[in-house]
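Student: Coordinates in data_37.cif, mmCIF, C-alpha atoms, are listed below.
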```
data_query
#
loop_
_atom_site.label_atom_id
_atom_site.label_comp_id
_atom_site.auth_asym_id
_atom_site.auth_seq_id
_atom_site.Cartn_x
_atom_site.Cartn_y
_atom_site.Cartn_z
CA MET E 60 17.88 -0.62 103.14
CA ALA E 61 16.78 1.57 100.21
CA LEU E 62 16.21 -0.07 96.83
CA ASP E 63 18.91 2.06 95.10
CA SER E 64 21.55 1.00 97.62
CA PRO E 65 23.33 -2.12 96.29
CA VAL E 66 24.03 -4.95 98.58
CA VAL E 67 27.22 -5.96 96.69
CA ILE E 68 29.58 -3.72 94.68
CA LEU E 69 32.23 -5.36 92.48
CA TYR E 70 35.70 -3.84 92.17
CA ASP E 71 38.68 -4.78 90.09
CA SER E 72 42.11 -5.44 91.50
CA SER E 73 42.95 -1.73 91.27
CA GLY E 74 39.91 -0.79 93.34
CA ASN E 75 37.81 0.47 90.37
CA ALA E 76 34.13 -0.26 90.61
CA PHE E 77 32.55 -2.22 87.78
CA ALA E 78 29.16 -0.61 88.19
CA VAL E 79 28.46 2.59 86.24
CA GLN E 80 25.39 4.76 86.80
CA ASN E 81 23.04 5.45 83.89
CA GLY E 82 23.25 8.90 82.38
CA VAL E 83 26.72 9.90 83.69
CA ALA E 84 30.10 10.14 81.99
CA ILE E 85 32.05 6.91 82.13
CA PRO E 86 35.13 7.39 84.45
CA ALA E 87 38.50 6.75 82.88
CA SER E 88 39.85 3.21 83.07
CA THR E 89 36.47 1.85 84.09
CA PRO E 90 36.63 -1.94 83.75
CA GLY E 91 33.79 -4.04 82.34
CA LEU E 92 32.54 -7.58 82.09
CA LEU E 93 32.37 -9.70 78.93
CA SER E 94 28.76 -10.34 77.93
CA MET E 95 27.66 -13.78 76.86
CA GLY E 96 24.56 -15.45 75.55
CA SER E 97 23.26 -18.85 74.60
CA ASP E 98 23.03 -20.31 71.11
CA GLY E 99 20.38 -22.65 72.49
CA THR E 100 22.87 -25.19 73.67
CA ASN E 101 26.19 -23.54 74.47
CA SER E 102 27.25 -20.16 75.79
CA ARG E 103 28.65 -17.66 73.27
CA TYR E 104 30.41 -14.27 73.63
CA LEU E 105 28.71 -11.24 72.17
CA THR E 106 31.20 -9.80 69.64
CA VAL E 107 32.08 -6.24 68.67
CA ASP E 108 34.24 -4.76 65.88
CA SER E 109 37.51 -2.93 66.40
CA SER E 110 35.59 0.25 67.18
CA GLY E 111 33.51 -1.44 69.85
CA ARG E 112 30.34 -1.69 67.70
CA THR E 113 28.18 -4.72 68.25
CA VAL E 114 28.30 -7.18 65.37
CA ALA E 115 24.81 -8.44 64.54
CA VAL E 116 24.00 -10.86 61.73
CA GLY E 117 20.96 -12.94 60.89
CA ALA E 118 20.81 -16.68 61.05
CA GLY E 119 19.73 -17.05 57.42
CA VAL E 120 21.65 -16.93 54.10
CA ALA E 121 21.86 -13.65 52.18
CA GLY E 122 19.36 -13.60 49.33
CA THR E 123 17.29 -16.45 50.80
CA PRO E 124 14.15 -15.55 52.77
CA ALA E 125 14.42 -17.13 56.23
CA GLY E 126 13.79 -16.31 59.84
CA GLY E 127 16.51 -14.23 61.45
CA VAL E 128 17.56 -12.34 58.31
CA LEU E 129 18.08 -8.66 59.20
CA THR E 130 16.00 -6.00 57.42
CA VAL E 131 17.21 -2.47 56.73
CA GLN E 132 14.91 0.38 57.65
CA GLY E 133 15.85 3.62 55.93
CA ILE E 134 15.22 7.15 57.22
CA ALA E 135 14.52 10.32 55.28
CA SER E 136 17.90 11.85 56.04
CA GLY E 137 19.89 8.64 55.74
CA THR E 138 22.33 7.56 53.07
CA ALA E 139 20.81 5.65 50.19
CA VAL E 140 21.21 1.91 50.49
CA THR E 141 22.70 0.22 47.41
CA VAL E 142 20.51 -2.67 46.32
CA SER E 143 21.76 -5.36 43.94
CA LEU E 144 19.12 -6.85 41.63
CA ALA E 145 19.63 -10.14 39.81
CA ALA E 146 17.68 -8.73 36.82
CA VAL E 147 20.14 -5.85 36.31
CA GLY E 148 23.34 -6.48 34.40
CA ALA E 149 26.36 -4.47 33.36
CA THR E 150 26.67 -3.02 29.84
CA ALA E 151 27.85 -5.66 27.31
CA ALA E 152 27.51 -8.36 29.99
CA THR E 153 25.55 -11.59 29.62
CA THR E 154 21.78 -11.07 29.75
CA PRO E 155 20.41 -11.68 33.28
CA THR E 156 18.26 -14.78 33.70
CA SER E 157 15.45 -12.90 35.45
CA ALA E 158 13.44 -9.82 34.48
CA ILE E 159 11.79 -6.86 36.18
CA LEU E 160 8.15 -6.05 35.44
CA ILE E 161 7.90 -2.50 34.07
CA GLY E 162 4.81 -0.43 34.69
CA GLY E 163 3.54 3.10 34.35
CA SER E 164 0.74 5.35 35.48
CA ASP E 165 -2.55 5.54 33.61
CA GLY E 166 -3.10 8.90 35.29
CA THR E 167 -4.46 7.37 38.47
CA ASN E 168 -3.23 3.81 38.94
CA LEU E 169 -0.09 1.85 38.17
CA GLN E 170 -0.46 -0.37 35.10
CA SER E 171 1.95 -2.97 33.74
CA GLY E 172 3.07 -3.00 30.08
CA ARG E 173 1.96 -5.67 27.60
CA MET E 174 4.36 -7.86 25.62
CA PHE E 175 3.48 -9.32 22.21
CA ASP E 176 5.07 -12.21 20.28
CA LEU E 177 6.10 -10.81 16.87
CA ASP E 178 7.34 -14.13 15.50
CA THR E 179 4.50 -15.59 13.44
CA GLY E 180 6.40 -18.84 13.00
CA ALA E 181 7.40 -21.51 15.48
CA GLY E 182 9.79 -19.24 17.41
CA THR E 183 9.10 -16.38 19.81
CA GLU E 184 10.16 -12.75 19.71
CA TYR E 185 8.53 -10.63 22.36
CA ALA E 186 8.34 -6.84 22.06
CA LEU E 187 6.68 -4.20 24.18
CA GLY E 188 3.35 -3.11 22.69
CA VAL E 189 3.14 0.63 22.02
CA THR E 190 0.74 3.04 20.35
CA MET E 191 1.52 6.23 18.46
CA ARG E 192 0.20 9.49 19.87
CA LEU E 193 -0.36 12.65 17.84
CA SER E 194 -0.33 16.12 19.31
CA GLY E 195 -3.72 17.79 19.52
CA ALA E 196 -5.59 20.61 21.21
CA GLY E 197 -6.67 19.47 24.67
CA GLY E 198 -4.30 16.51 24.65
CA SER E 199 -2.81 13.90 22.35
CA VAL E 200 -4.88 11.47 20.30
CA GLU E 201 -4.19 7.97 19.07
CA GLY E 202 -2.48 7.95 15.67
CA GLY E 203 -2.96 5.56 12.79
CA THR E 204 -6.77 5.57 12.95
CA ALA E 205 -9.28 6.59 10.28
CA ALA E 206 -9.90 9.87 12.11
CA ASN E 207 -6.20 10.53 12.73
CA PRO E 208 -4.17 8.83 9.94
CA ILE E 209 -0.41 8.93 9.73
CA ARG E 210 0.48 11.49 7.05
CA THR E 211 3.68 12.07 5.11
CA ASP E 212 3.23 15.86 5.36
CA PRO E 213 1.84 18.11 8.10
CA THR E 214 -1.44 19.02 6.38
CA GLY E 215 -2.21 15.90 4.37
CA THR E 216 -2.90 18.00 1.26
CA THR E 217 0.59 18.39 -0.23
CA THR E 218 1.08 16.46 -3.47
CA GLN E 219 3.64 13.73 -2.89
CA PRO E 220 6.14 12.91 -5.66
CA ILE E 221 6.18 9.27 -6.73
CA SER E 222 8.84 7.73 -8.93
CA ALA E 223 7.65 4.69 -10.85
CA THR E 224 11.25 3.62 -11.40
CA SER E 225 11.63 2.95 -7.69
CA LEU E 226 8.34 1.11 -7.17
CA PRO E 227 8.18 -2.71 -7.09
CA LEU E 228 6.10 -2.96 -10.29
CA PRO E 229 4.23 -6.27 -10.67
CA THR E 230 5.26 -8.76 -13.31
CA GLY E 231 3.95 -7.73 -16.72
CA ALA E 232 3.24 -4.12 -15.68
CA ALA E 233 3.04 -1.71 -18.61
CA THR E 234 6.05 0.53 -19.05
CA GLU E 235 7.33 2.48 -22.02
CA ALA E 236 9.66 -0.38 -22.84
CA THR E 237 7.07 -3.16 -22.50
CA LEU E 238 4.43 -1.26 -24.48
CA GLY E 239 6.86 -0.88 -27.36
CA GLY E 240 7.34 -4.63 -27.34
CA VAL E 241 3.63 -5.39 -27.13
CA LEU E 242 2.98 -3.54 -30.40
CA THR E 243 5.14 -6.06 -32.23
CA THR E 244 3.73 -9.24 -30.66
CA VAL E 245 1.70 -11.67 -32.73
CA ALA E 246 -1.14 -11.72 -30.17
CA PHE E 247 -1.55 -7.95 -30.31
CA GLN E 248 -1.36 -7.77 -34.09
CA ALA E 249 -3.93 -10.55 -34.35
CA ARG E 250 -6.45 -8.30 -32.57
CA ILE E 251 -5.40 -4.97 -34.10
CA ASN E 252 -5.37 -5.08 -37.90
CA THR E 253 -2.89 -3.42 -40.19
CA LEU E 254 -3.72 -0.17 -41.96
CA GLY E 255 -6.28 -0.15 -44.76
CA GLN E 256 -9.88 -1.21 -45.26
CA LYS E 257 -11.00 -4.59 -43.93
CA THR E 258 -14.19 -6.61 -43.94
CA MET E 259 -16.55 -6.24 -41.00
CA ALA E 260 -15.41 -9.54 -39.49
CA ASN E 261 -11.77 -8.48 -39.68
CA SER E 262 -12.21 -4.91 -38.42
CA THR E 263 -11.56 -3.58 -34.96
CA PRO E 264 -14.89 -2.53 -33.39
CA VAL E 265 -15.30 1.08 -32.30
CA VAL E 266 -18.06 2.16 -29.90
CA LEU E 267 -19.23 5.76 -30.03
CA ALA E 268 -20.47 7.43 -26.87
CA SER E 269 -24.23 8.07 -26.64
CA ASP E 270 -23.56 11.77 -26.14
CA GLN E 271 -20.99 11.96 -28.94
CA ALA E 272 -21.08 15.29 -30.76
CA SER E 273 -21.56 15.39 -34.52
CA ILE E 274 -18.59 13.95 -36.40
CA PRO E 275 -17.65 15.87 -39.55
CA VAL E 276 -17.49 13.67 -42.67
CA THR E 277 -15.62 14.64 -45.82
CA ILE E 278 -16.60 13.09 -49.16
CA ASP E 279 -13.96 12.96 -51.84
CA SER E 280 -14.76 15.23 -54.76
CA ALA E 281 -14.46 14.12 -58.34
CA ALA E 282 -11.87 16.08 -60.29
CA THR E 283 -12.13 14.26 -63.65
CA ALA E 284 -15.09 13.77 -66.00
CA THR E 285 -14.79 11.34 -68.91
CA ARG E 286 -17.38 11.58 -71.74
CA THR E 287 -18.21 8.52 -73.89
CA ASP E 288 -20.95 7.61 -76.38
CA VAL E 289 -22.40 4.14 -76.51
CA THR E 290 -24.22 3.36 -79.77
CA SER E 291 -27.71 1.99 -79.25
CA SER E 292 -28.16 -1.74 -79.66
CA ALA E 293 -31.09 -4.15 -79.60
CA SER E 294 -28.82 -6.58 -77.66
CA SER E 295 -27.19 -5.94 -74.27
CA VAL E 296 -24.02 -3.82 -74.41
CA THR E 297 -21.70 -2.37 -71.76
CA ILE E 298 -22.58 1.21 -70.87
CA LEU E 299 -19.83 1.51 -68.15
CA ALA E 300 -17.21 -1.03 -67.17
CA LEU E 301 -16.33 -1.71 -63.56
CA ASN E 302 -14.20 1.17 -62.19
CA ALA E 303 -13.12 1.27 -58.49
CA SER E 304 -12.10 4.92 -58.89
CA ARG E 305 -15.57 6.01 -60.02
CA LYS E 306 -17.21 8.64 -57.77
CA GLY E 307 -20.29 9.10 -59.95
CA ALA E 308 -21.76 8.78 -63.44
CA THR E 309 -24.57 10.15 -65.61
CA VAL E 310 -26.41 8.63 -68.60
CA TYR E 311 -28.49 10.57 -71.15
CA ASN E 312 -30.70 8.56 -73.56
CA ASP E 313 -30.20 10.35 -76.87
CA SER E 314 -32.50 7.95 -78.68
CA THR E 315 -36.16 7.81 -79.67
CA LYS E 316 -36.34 4.30 -78.16
CA PHE E 317 -36.48 3.12 -74.56
CA LEU E 318 -33.13 2.35 -72.86
CA TYR E 319 -33.07 -0.36 -70.21
CA LEU E 320 -30.11 0.11 -67.80
CA LYS E 321 -28.96 -2.68 -65.47
CA PHE E 322 -26.44 -2.53 -62.61
CA GLY E 323 -24.57 -5.66 -63.53
CA THR E 324 -24.22 -7.88 -66.59
CA THR E 325 -26.73 -8.46 -69.45
CA ALA E 326 -29.69 -6.10 -69.46
CA SER E 327 -33.07 -6.96 -70.99
CA ALA E 328 -36.60 -5.56 -71.19
CA THR E 329 -37.49 -7.78 -68.19
CA ASP E 330 -34.17 -7.64 -66.29
CA PHE E 331 -33.10 -4.05 -65.70
CA THR E 332 -32.51 -1.44 -62.97
CA VAL E 333 -33.99 1.70 -64.51
CA LEU E 334 -35.92 2.57 -67.71
CA LEU E 335 -34.89 5.70 -69.60
CA ARG E 336 -37.34 7.06 -72.12
CA SER E 337 -36.21 9.22 -75.00
CA GLY E 338 -34.43 12.30 -73.66
CA ASP E 339 -34.29 11.00 -70.05
CA TYR E 340 -31.26 11.80 -67.87
CA TYR E 341 -30.04 9.51 -65.05
CA GLU E 342 -27.45 9.84 -62.26
CA VAL E 343 -25.87 6.64 -60.91
CA PRO E 344 -26.55 6.63 -57.11
CA PHE E 345 -24.71 5.36 -54.01
CA ARG E 346 -21.27 5.75 -55.54
CA TYR E 347 -21.80 2.49 -57.43
CA THR E 348 -18.53 1.48 -59.12
CA GLY E 349 -19.59 -1.79 -60.76
CA LYS E 350 -20.45 -2.65 -64.39
CA ILE E 351 -23.53 -1.11 -66.03
CA ASP E 352 -25.11 -2.76 -69.11
CA GLY E 353 -27.87 -1.45 -71.34
CA ILE E 354 -30.23 -2.49 -74.13
CA TRP E 355 -32.61 -0.46 -76.35
CA ALA E 356 -36.03 -1.44 -77.57
CA SER E 357 -34.43 -1.18 -81.01
CA ALA E 358 -31.27 0.36 -82.32
CA ASN E 359 -31.63 4.10 -82.56
CA GLY E 360 -29.33 6.92 -81.43
CA ALA E 361 -26.87 6.50 -78.56
CA ALA E 362 -26.30 6.83 -74.82
CA ARG E 363 -24.32 9.91 -73.78
CA VAL E 364 -22.30 8.75 -70.74
CA THR E 365 -20.21 10.83 -68.34
CA GLU E 366 -18.08 9.07 -65.69
CA LEU E 367 -16.65 11.06 -62.74
CA THR E 368 -13.39 10.00 -61.08
#
```
Could I get this file's structure written as structure tokens?

Tutor:
Amino acid sequence: MALDSPVVILYDSSGNAFAVQNGVAIPASTPGLLSMGSDGTNSRYLTVDSSGRTVAVGAGVAGTPAGGVLTVQGIASGTAVTVSLAAVGATAATTPTSAILIGGSDGTNLQSGRMFDLDTGAGTEYALGVTMRLSGAGGSVEGGTAANPIRTDPTGTTTQPISATSLPLPTGAATEATLGGVLTTVAFQARINTLGQKTMANSTPVVLASDQASIPVTIDSAATATRTDVTSSASSVTILALNASRKGATVYNDSTKFLYLKFGTTASATDFTVLLRSGDYYEVPFRYTGKIDGIWASANGAARVTELT
């Protein structure tokens, strides 16, 4: 008997054959047999859904890697498979307990991002590290470097307005208000004297630059000349008294005897400043304003004195 000729053909009670040839349309009302399998110990029916599709499940638990869990193989023209990730949460929902590593391309390979702890204290505050890129010919360049600083204007040459009133000035910084107060403080006035002449020790020093141009100096001119005659005397007499307003003086010896003049008190033939012979004329130098005394070899004639103030 040929191999394709069955020895036994099963029929149902209505005379319909159970066997169906491969590749032909299934005749109407064709009966079938329930299929069964073993679970390793007992026999089990193979189940289908209401549309006759075989129900297949894995032996493992969803979300737990184990043998028997079904895998889904997608195709190019298939419908996208929705995947639920534990690290993805809904807007305004509680933050997921797991995270997804984020990466990007370096132009050739995939690289992961770097996280940095920004909390310098005992806590932690991680943030994604980033760099600033500036546009440039041939591609961007890293910003914030010496060669490519961050500017507050496009060219870096525009003058930027600064308001001192909005700056956090340090304690004690000089302002118009504080300078006005400093001028009245005891410490400042102790270093800067009041107006008027002072001794060298009590004067404020002034340093002139080595390349200082000539400084014009004006000398007060005398506007008044006062003429007096002092009668000659063989004992010391006052020729001119001390006069702080004196700007100059002249003495003419109108005597036939020598006149001994002294800058100071009590002139004598051995203690004098200048000797005037008969008819000599003398101008008091260096704007000397102190007392001038005089004495003659013997009384004869007078001193003709002119004081300039």

Student: At what distance in Å, to one decimal, does CA of Asp352 (chain E) lie from CA of Phe322 (chain E)?

Tutor: 6.6 Å

Student: What does the structure give for the distance between CA of Val296 (chain E) and CA of Trp355 (chain E), in Å to one decimal?

Tutor: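 If I compute the distance from CA of Val296 (chain E) to CA of Trp355 (chain E), I get 9.4 Å.
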
Student: Selected by the PyMOL selection byres ((chain E and resi 282) around 8) in the shown coordinates: which residues, as a PyMOL selection string?

Tutor: chain E and resi 280-281+283-284+367-368

Student: Apply the PyMOL selection byres ((chain E and resi 95) around 9) to the displayed file and report the matching residues as a CSV table (one decimal) with C-alpha atoms, in the frame of the given file.

Tutor:
```csv
chain,number,residue,atom,x,y,z
E,93,LEU,CA,32.4,-9.7,78.9
E,94,SER,CA,28.8,-10.3,77.9
E,96,GLY,CA,24.6,-15.4,75.6
E,97,SER,CA,23.3,-18.8,74.6
E,102,SER,CA,27.2,-20.2,75.8
E,103,ARG,CA,28.6,-17.7,73.3
E,104,TYR,CA,30.4,-14.3,73.6
E,105,LEU,CA,28.7,-11.2,72.2
E,106,THR,CA,31.2,-9.8,69.6
```

Student: Using Å and a single decimal, report how far CA of Ile354 (chain E) sits from CA of Thr297 (chain E).

Tutor: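 Separating CA of Thr297 (chain E) from CA of Ile354 (chain E) is a distance of 8.9 Å.
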
Student: Output the residue selection produced by the PyMOL selection byres ((chain E and resi 313) around 10) on the file above, formatted as a ChimeraX atom specification.

Tutor: /E:288-291,310-312,314-318,335-340,359-363

Student: Within 10 Å of Gly202 (chain E), counting all atoms listed in the file, which residues qualify if same-chain residues fewer than 4 places away don't, as a list in words?

Tutor: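 Residues meeting the cut-off are Thr190, Met191, Arg192, Leu193, Ser194, Ala206, Asn207, Pro208, Ile209 and Arg210 of chain E.
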
Student: Rank nothing, just name the residue among E:Gln271, E:Thr285, E:Ser199, E:Thr113 nearest to Gly307 (chain E), using all atoms listed in the file.

Tutor: E:Thr285

Student: What's the 8 Å shell around Ala145 (chain E), counting only C-alpha atoms, without same-chain residues fewer than 4 positions away, as a PyMOL selection string?

Tutor: chain E and resi 155-157

Student: As a PDB file with C-alpha atoms, keeping the file's coordinate frame, please: the residues near Thr253 (chain E) (cut-off 12 Å, only C-alpha atoms, same-chain neighbours under 6 positions excluded).

Tutor:
```
ATOM      1  CA  LEU E 242       2.980  -3.540 -30.400  1.00  0.00           C
ATOM      2  CA  THR E 243       5.140  -6.060 -32.230  1.00  0.00           C
ATOM      3  CA  PHE E 247      -1.550  -7.950 -30.310  1.00  0.00           C
ATOM      4  CA  ASN E 261     -11.770  -8.480 -39.680  1.00  0.00           C
ATOM      5  CA  SER E 262     -12.210  -4.910 -38.420  1.00  0.00           C
ATOM      6  CA  THR E 263     -11.560  -3.580 -34.960  1.00  0.00           C
TER       7      THR E 263
END
```

Student: List the spatial neighbours of Ala78 (chain E) as a list in words - criterion: any atom at most 10 Å away, all atoms listed in the file, same-chain residues fewer than 3 positions off excluded.

Tutor: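 Once the adjacent positions are removed, what remains is Ile68, Leu69, Tyr70, Asn75, Asn81, Thr89, Pro90, Gly91 and Leu92 of chain E.
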
Student: Show which residues sit within 12 Å of region 174-181 of chain E, as JSON, numbers by chain. Count only C-alpha atoms, and ignore same-chain residues fewer than 4 positions away.

Tutor: {"E": [160, 161, 162, 185, 186, 187, 188, 189]}

Student: Deliver the residues from the most recent selection as a file, using C-alpha atoms, as a PDB file, keeping the file's coordinate frame.

Tutor:
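This went into selection.pdb:
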```
ATOM      1  CA  LEU E 160       8.150  -6.050  35.440  1.00  0.00           C
ATOM      2  CA  ILE E 161       7.900  -2.500  34.070  1.00  0.00           C
ATOM      3  CA  GLY E 162       4.810  -0.430  34.690  1.00  0.00           C
ATOM      4  CA  TYR E 185       8.530 -10.630  22.360  1.00  0.00           C
ATOM      5  CA  ALA E 186       8.340  -6.840  22.060  1.00  0.00           C
ATOM      6  CA  LEU E 187       6.680  -4.200  24.180  1.00  0.00           C
ATOM      7  CA  GLY E 188       3.350  -3.110  22.690  1.00  0.00           C
ATOM      8  CA  VAL E 189       3.140   0.630  22.020  1.00  0.00           C
TER       9      VAL E 189
END
```
